[in-house]
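Colleague: Got a structure for you, data22.cif, holding mmCIF, C-alpha atoms and all ligand atoms; chains and numbers go by the auth columns.
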data_my_file
#
loop_
_atom_site.group_PDB
_atom_site.id
_atom_site.type_symbol
_atom_site.label_atom_id
_atom_site.label_comp_id
_atom_site.label_asym_id
_atom_site.label_seq_id
_atom_site.Cartn_x
_atom_site.Cartn_y
_atom_site.Cartn_z
_atom_site.B_iso_or_equiv
_atom_site.auth_seq_id
_atom_site.auth_asym_id
ATOM 1 C CA MET A 1 177.735 78.343 89.597 0.00 1 A
ATOM 2 C CA SER A 2 176.141 80.426 86.941 0.00 2 A
ATOM 3 C CA VAL A 3 172.592 79.228 87.682 0.00 3 A
ATOM 4 C CA GLU A 4 170.907 81.085 90.523 0.00 4 A
ATOM 5 C CA LYS A 5 169.564 78.955 93.296 0.00 5 A
ATOM 6 C CA ILE A 6 166.709 79.558 95.673 0.00 6 A
ATOM 7 C CA TYR A 7 165.600 77.606 98.697 0.00 7 A
ATOM 8 C CA CYS A 8 162.319 75.738 98.784 0.00 8 A
ATOM 9 C CA ILE A 9 160.085 77.314 101.401 0.00 9 A
ATOM 10 C CA TYR A 10 158.715 73.872 102.347 0.00 10 A
ATOM 11 C CA CYS A 11 161.689 71.532 102.509 0.00 11 A
ATOM 12 C CA GLY A 12 164.638 73.925 102.253 0.00 12 A
ATOM 13 C CA ALA A 13 166.201 72.193 99.271 0.00 13 A
ATOM 14 C CA THR A 14 168.037 74.275 96.682 0.00 14 A
ATOM 15 C CA VAL A 15 165.985 74.774 93.572 0.00 15 A
ATOM 16 C CA GLU A 16 166.849 76.463 90.315 0.00 16 A
ATOM 17 C CA LYS A 17 165.361 79.935 90.137 0.00 17 A
ATOM 18 C CA GLY A 18 162.381 80.000 87.787 0.00 18 A
ATOM 19 C CA ALA A 19 161.297 76.446 88.547 0.00 19 A
ATOM 20 C CA THR A 20 157.609 76.128 89.231 0.00 20 A
ATOM 21 C CA PHE A 21 157.892 72.979 91.335 0.00 21 A
ATOM 22 C CA CYS A 22 160.387 71.827 93.901 0.00 22 A
ATOM 23 C CA PRO A 23 162.154 68.703 92.584 0.00 23 A
ATOM 24 C CA ASN A 24 162.664 67.451 96.162 0.00 24 A
ATOM 25 C CA CYS A 25 159.169 67.691 97.701 0.00 25 A
ATOM 26 C CA GLY A 26 157.090 68.614 94.688 0.00 26 A
ATOM 27 C CA ALA A 27 155.592 71.760 96.243 0.00 27 A
ATOM 28 C CA ALA A 28 154.545 74.555 93.920 0.00 28 A
ATOM 29 C CA LEU A 29 156.957 77.507 94.032 0.00 29 A
ATOM 30 C CA THR A 30 154.657 80.269 92.916 0.00 30 A
ATOM 31 C CA ASP A 31 155.578 82.841 95.574 0.00 31 A
ATOM 32 C CA ALA A 32 157.918 84.735 93.274 0.00 32 A
ATOM 33 C CA LYS A 33 155.520 85.559 90.481 0.00 33 A
ATOM 34 C CA PRO A 34 151.762 85.598 91.014 0.00 34 A
ATOM 35 C CA ALA A 35 149.835 83.098 88.992 0.00 35 A
ATOM 36 C CA PRO A 36 147.601 84.630 86.346 0.00 36 A
ATOM 37 C CA SER A 37 144.143 84.362 87.923 0.00 37 A
ATOM 38 C CA ALA A 38 142.167 84.645 84.738 0.00 38 A
ATOM 39 C CA THR A 39 139.604 82.080 85.801 0.00 39 A
ATOM 40 C CA GLU A 40 138.688 83.707 89.134 0.00 40 A
ATOM 41 C CA PRO A 41 136.836 86.900 88.059 0.00 41 A
ATOM 42 C CA VAL A 42 134.229 84.904 86.170 0.00 42 A
ATOM 43 C CA SER A 43 131.592 85.732 88.799 0.00 43 A
ATOM 44 C CA GLN A 44 132.031 89.487 88.325 0.00 44 A
ATOM 45 C CA PRO A 45 130.321 89.951 84.923 0.00 45 A
ATOM 46 C CA VAL A 46 127.048 88.941 86.592 0.00 46 A
ATOM 47 C CA SER A 47 126.783 92.472 88.011 0.00 47 A
ATOM 48 C CA TYR A 48 126.769 93.857 84.487 0.00 48 A
ATOM 49 C CA GLN A 49 123.216 92.713 83.896 0.00 49 A
ATOM 50 C CA GLN A 50 120.972 95.585 82.826 0.00 50 A
ATOM 51 C CA SER A 51 118.202 94.666 85.235 0.00 51 A
ATOM 52 C CA SER A 52 119.528 97.279 87.665 0.00 52 A
ATOM 53 C CA TYR A 53 118.804 100.005 85.139 0.00 53 A
ATOM 54 C CA GLU A 54 115.099 99.166 85.008 0.00 54 A
ATOM 55 C CA GLN A 55 114.499 99.337 88.747 0.00 55 A
ATOM 56 C CA PRO A 56 114.788 103.145 89.332 0.00 56 A
ATOM 57 C CA SER A 57 111.809 103.705 87.043 0.00 57 A
ATOM 58 C CA VAL A 58 109.602 101.710 89.426 0.00 58 A
ATOM 59 C CA THR A 59 109.876 104.386 92.096 0.00 59 A
ATOM 60 C CA VAL A 60 108.604 107.009 89.644 0.00 60 A
ATOM 61 C CA VAL A 61 105.367 105.076 89.199 0.00 61 A
ATOM 62 C CA THR A 62 104.447 105.686 92.840 0.00 62 A
ATOM 63 C CA THR A 63 103.920 109.398 92.156 0.00 63 A
ATOM 64 C CA PRO A 64 100.236 110.238 91.552 0.00 64 A
ATOM 65 C CA PRO A 65 99.358 110.891 87.928 0.00 65 A
ATOM 66 C CA PRO A 66 98.732 114.541 87.077 0.00 66 A
ATOM 67 C CA PRO A 67 95.129 115.618 86.427 0.00 67 A
ATOM 68 C CA ALA A 68 94.142 114.974 82.851 0.00 68 A
ATOM 69 C CA LYS A 69 92.171 118.174 82.369 0.00 69 A
ATOM 70 C CA THR A 70 93.080 121.670 83.429 0.00 70 A
ATOM 71 C CA ASP A 71 89.361 122.401 83.725 0.00 71 A
ATOM 72 C CA ASN A 72 89.316 120.563 87.048 0.00 72 A
ATOM 73 C CA SER A 73 91.178 123.451 88.639 0.00 73 A
ATOM 74 C CA LEU A 74 88.328 125.839 87.869 0.00 74 A
ATOM 75 C CA GLY A 75 85.812 123.375 89.314 0.00 75 A
ATOM 76 C CA THR A 76 87.979 123.141 92.413 0.00 76 A
ATOM 77 C CA VAL A 77 87.969 126.931 92.680 0.00 77 A
ATOM 78 C CA SER A 78 84.196 126.896 92.366 0.00 78 A
ATOM 79 C CA MET A 79 83.788 124.296 95.097 0.00 79 A
ATOM 80 C CA VAL A 80 86.264 125.998 97.434 0.00 80 A
ATOM 81 C CA THR A 81 84.650 129.386 97.000 0.00 81 A
ATOM 82 C CA GLY A 82 81.251 127.748 97.467 0.00 82 A
ATOM 83 C CA ILE A 83 82.364 126.208 100.765 0.00 83 A
ATOM 84 C CA LEU A 84 83.974 129.455 101.877 0.00 84 A
ATOM 85 C CA GLY A 85 80.855 131.312 100.805 0.00 85 A
ATOM 86 C CA LEU A 86 78.814 129.314 103.296 0.00 86 A
ATOM 87 C CA LEU A 87 81.271 130.151 106.062 0.00 87 A
ATOM 88 C CA CYS A 88 82.044 133.808 105.359 0.00 88 A
ATOM 89 C CA MET A 89 80.937 136.453 102.861 0.00 89 A
ATOM 90 C CA PRO A 90 78.211 134.278 101.326 0.00 90 A
ATOM 91 C CA GLY A 91 77.104 136.878 98.803 0.00 91 A
ATOM 92 C CA ILE A 92 80.426 137.627 97.129 0.00 92 A
ATOM 93 C CA LEU A 93 81.978 134.181 97.297 0.00 93 A
ATOM 94 C CA GLY A 94 78.681 132.545 96.389 0.00 94 A
ATOM 95 C CA ILE A 95 78.500 134.561 93.185 0.00 95 A
ATOM 96 C CA VAL A 96 82.140 133.722 92.430 0.00 96 A
ATOM 97 C CA ALA A 97 81.396 130.040 93.005 0.00 97 A
ATOM 98 C CA ILE A 98 78.401 130.195 90.654 0.00 98 A
ATOM 99 C CA ILE A 99 80.356 131.964 87.921 0.00 99 A
ATOM 100 C CA THR A 100 83.390 129.674 88.109 0.00 100 A
ATOM 101 C CA GLY A 101 81.126 126.646 88.370 0.00 101 A
ATOM 102 C CA HIS A 102 79.269 127.607 85.193 0.00 102 A
ATOM 103 C CA ILE A 103 82.534 128.220 83.330 0.00 103 A
ATOM 104 C CA ALA A 104 83.930 124.892 84.488 0.00 104 A
ATOM 105 C CA LEU A 105 80.736 123.079 83.502 0.00 105 A
ATOM 106 C CA SER A 106 80.748 124.717 80.076 0.00 106 A
ATOM 107 C CA ARG A 107 84.169 123.189 79.445 0.00 107 A
ATOM 108 C CA GLY A 108 83.112 119.719 80.556 0.00 108 A
ATOM 109 C CA LYS A 109 81.254 117.743 83.154 0.00 109 A
ATOM 110 C CA ASN A 110 82.881 118.278 86.501 0.00 110 A
ATOM 111 C CA PRO A 111 81.426 117.023 89.795 0.00 111 A
ATOM 112 C CA MET A 112 83.437 119.568 91.749 0.00 112 A
ATOM 113 C CA ALA A 113 82.025 122.384 89.627 0.00 113 A
ATOM 114 C CA ILE A 114 78.514 121.058 90.268 0.00 114 A
ATOM 115 C CA ALA A 115 79.224 121.052 93.998 0.00 115 A
ATOM 116 C CA GLY A 116 80.548 124.594 93.749 0.00 116 A
ATOM 117 C CA LEU A 117 77.452 125.658 91.832 0.00 117 A
ATOM 118 C CA VAL A 118 75.116 124.107 94.412 0.00 118 A
ATOM 119 C CA LEU A 119 77.041 125.618 97.309 0.00 119 A
ATOM 120 C CA GLY A 120 77.142 128.987 95.556 0.00 120 A
ATOM 121 C CA TYR A 121 73.393 128.965 94.925 0.00 121 A
ATOM 122 C CA ILE A 122 72.752 127.921 98.524 0.00 122 A
ATOM 123 C CA SER A 123 74.891 130.740 99.889 0.00 123 A
ATOM 124 C CA VAL A 124 73.332 133.314 97.542 0.00 124 A
ATOM 125 C CA ALA A 125 69.861 132.023 98.366 0.00 125 A
ATOM 126 C CA GLY A 126 70.740 132.318 102.036 0.00 126 A
ATOM 127 C CA VAL A 127 71.758 135.928 101.513 0.00 127 A
ATOM 128 C CA ILE A 128 68.512 136.652 99.648 0.00 128 A
ATOM 129 C CA LEU A 129 66.461 134.952 102.366 0.00 129 A
ATOM 130 C CA TYR A 130 68.353 136.913 104.985 0.00 130 A
ATOM 131 C CA LEU A 131 67.741 140.184 103.158 0.00 131 A
ATOM 132 C CA VAL A 132 64.048 139.346 102.687 0.00 132 A
ATOM 133 C CA LEU A 133 63.750 138.517 106.354 0.00 133 A
ATOM 134 C CA VAL A 134 65.456 141.753 107.369 0.00 134 A
ATOM 135 C CA ILE A 135 63.322 143.829 104.995 0.00 135 A
ATOM 136 C CA THR A 136 60.056 142.196 106.024 0.00 136 A
ATOM 137 C CA LEU A 137 60.936 142.393 109.694 0.00 137 A
ATOM 138 C CA GLY A 138 61.960 145.993 109.173 0.00 138 A
ATOM 139 C CA LEU A 139 58.629 146.691 107.554 0.00 139 A
ATOM 140 C CA TRP A 140 56.767 144.987 110.363 0.00 140 A
ATOM 141 C CA MET A 141 58.674 146.691 113.122 0.00 141 A
HETATM 142 ZN ZN ZN B . 160.798 71.350 98.463 0.00 1 B
#
Produce structure tokens that represent the structure in this file.
Modeller:
Amino acid sequence: MSVEKIYCIYCGATVEKGATFCPNCGAALTDAKPAPSATEPVSQPVSYQQSSYEQPSVTVVTTPPPPAKTDNSLGTVSMVTGILGLLCMPGILGIVAIITGHIALSRGKNPMAIAGLVLGYISVAGVILYLVLVITLGLWM
């Protein structure tokens, strides 16, 4: 009795240890050592495709492109000061809008600088008209 015997889990017959099949019922006796499942992980290398690396760059595209010229900032300053000049302190802010608008226009055509220039001239002209009105009314009174 030197050969070790095990019992078949299906029919209960004694089988030599190490046998892969039961000689009585023919069932596979693979409970002792797991079968090498080399053919099963074939579906896994699909996840190694590099398409996932290209997708994060798509979200970056949604960000607005930066302004091409830095001169636009000066035109924006001119327009903002021109608008503010019409609302409050028309003389000072109007002059600032005219100066910044001229500088921005000297660097390149800028619609915002033109708007700032127009608003600045309007506010300054309003101040001049106001002063003229006050002076003339003061002279008449
Ligand atoms: Zn068996």
Colleague: Any residue with an atom at most 10 Å from ligand ZN 1 (chain B) counts, using all atoms listed in the file. Which are they? Put them as a PyMOL selection string.
Modeller: chain A and resi 7-15+21-29
Colleague: Would you mind telling me which residue in A:Glu4, A:Thr30, A:Leu84, A:Ala19 lies nearest to Ile122 of chain A when using all atoms listed in the file?
Modeller: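 When distances to Ile122 of chain A are compared using all atoms listed in the file, the smallest one comes from A:Leu84.
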Colleague: Convert the output of the PyMOL selection byres (((chain A and resi 121) around 10) and not hetatm) on the shown file into explicit residues, formatted as a tab-separated table (two decimals) with C-alpha atoms, in the coordinates of the input.
Modeller:
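Wrote it out as part_32.tsv, contents follow:
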chain	number	residue	atom	x	y	z
A	82	GLY	CA	81.25	127.75	97.47
A	85	GLY	CA	80.86	131.31	100.80
A	86	LEU	CA	78.81	129.31	103.30
A	90	PRO	CA	78.21	134.28	101.33
A	91	GLY	CA	77.10	136.88	98.80
A	94	GLY	CA	78.68	132.54	96.39
A	95	ILE	CA	78.50	134.56	93.18
A	97	ALA	CA	81.40	130.04	93.00
A	98	ILE	CA	78.40	130.20	90.65
A	115	ALA	CA	79.22	121.05	94.00
A	116	GLY	CA	80.55	124.59	93.75
A	117	LEU	CA	77.45	125.66	91.83
A	118	VAL	CA	75.12	124.11	94.41
A	119	LEU	CA	77.04	125.62	97.31
A	120	GLY	CA	77.14	128.99	95.56
A	122	ILE	CA	72.75	127.92	98.52
A	123	SER	CA	74.89	130.74	99.89
A	124	VAL	CA	73.33	133.31	97.54
A	125	ALA	CA	69.86	132.02	98.37
A	126	GLY	CA	70.74	132.32	102.04
A	127	VAL	CA	71.76	135.93	101.51
Colleague: Got a sec: who's within 10 Å of Ala113 of chain A, counting only C-alpha atoms, leaving out chain neighbours fewer than 6 positions off, as a ChimeraX atom specification?
Modeller: /A:71-80,82,97-106,119
Colleague: Hey, can you check how far atom CA of Leu129 of chain A sits from atom CA of Cys88 of chain A?
Modeller: 15.9 Å
Colleague: What is the atom CA of Thr81 of chain A to atom CA of Val96 of chain A distance in Å?
Modeller: 6.8 Å
Colleague: Between A:Pro111, A:Met89, A:Ile135, A:Gly18, which one has atoms that come closest to Val3 of chain A, using only C-alpha atoms?
Modeller: A:Gly18
Colleague: Quote the spacing between atom CA of Gly108 of chain A and atom CA of Ile128 of chain A in Å to one decimal place.
Modeller: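 About the pair atom CA of Gly108 of chain A and atom CA of Ile128 of chain A: they are 29.4 Å apart.
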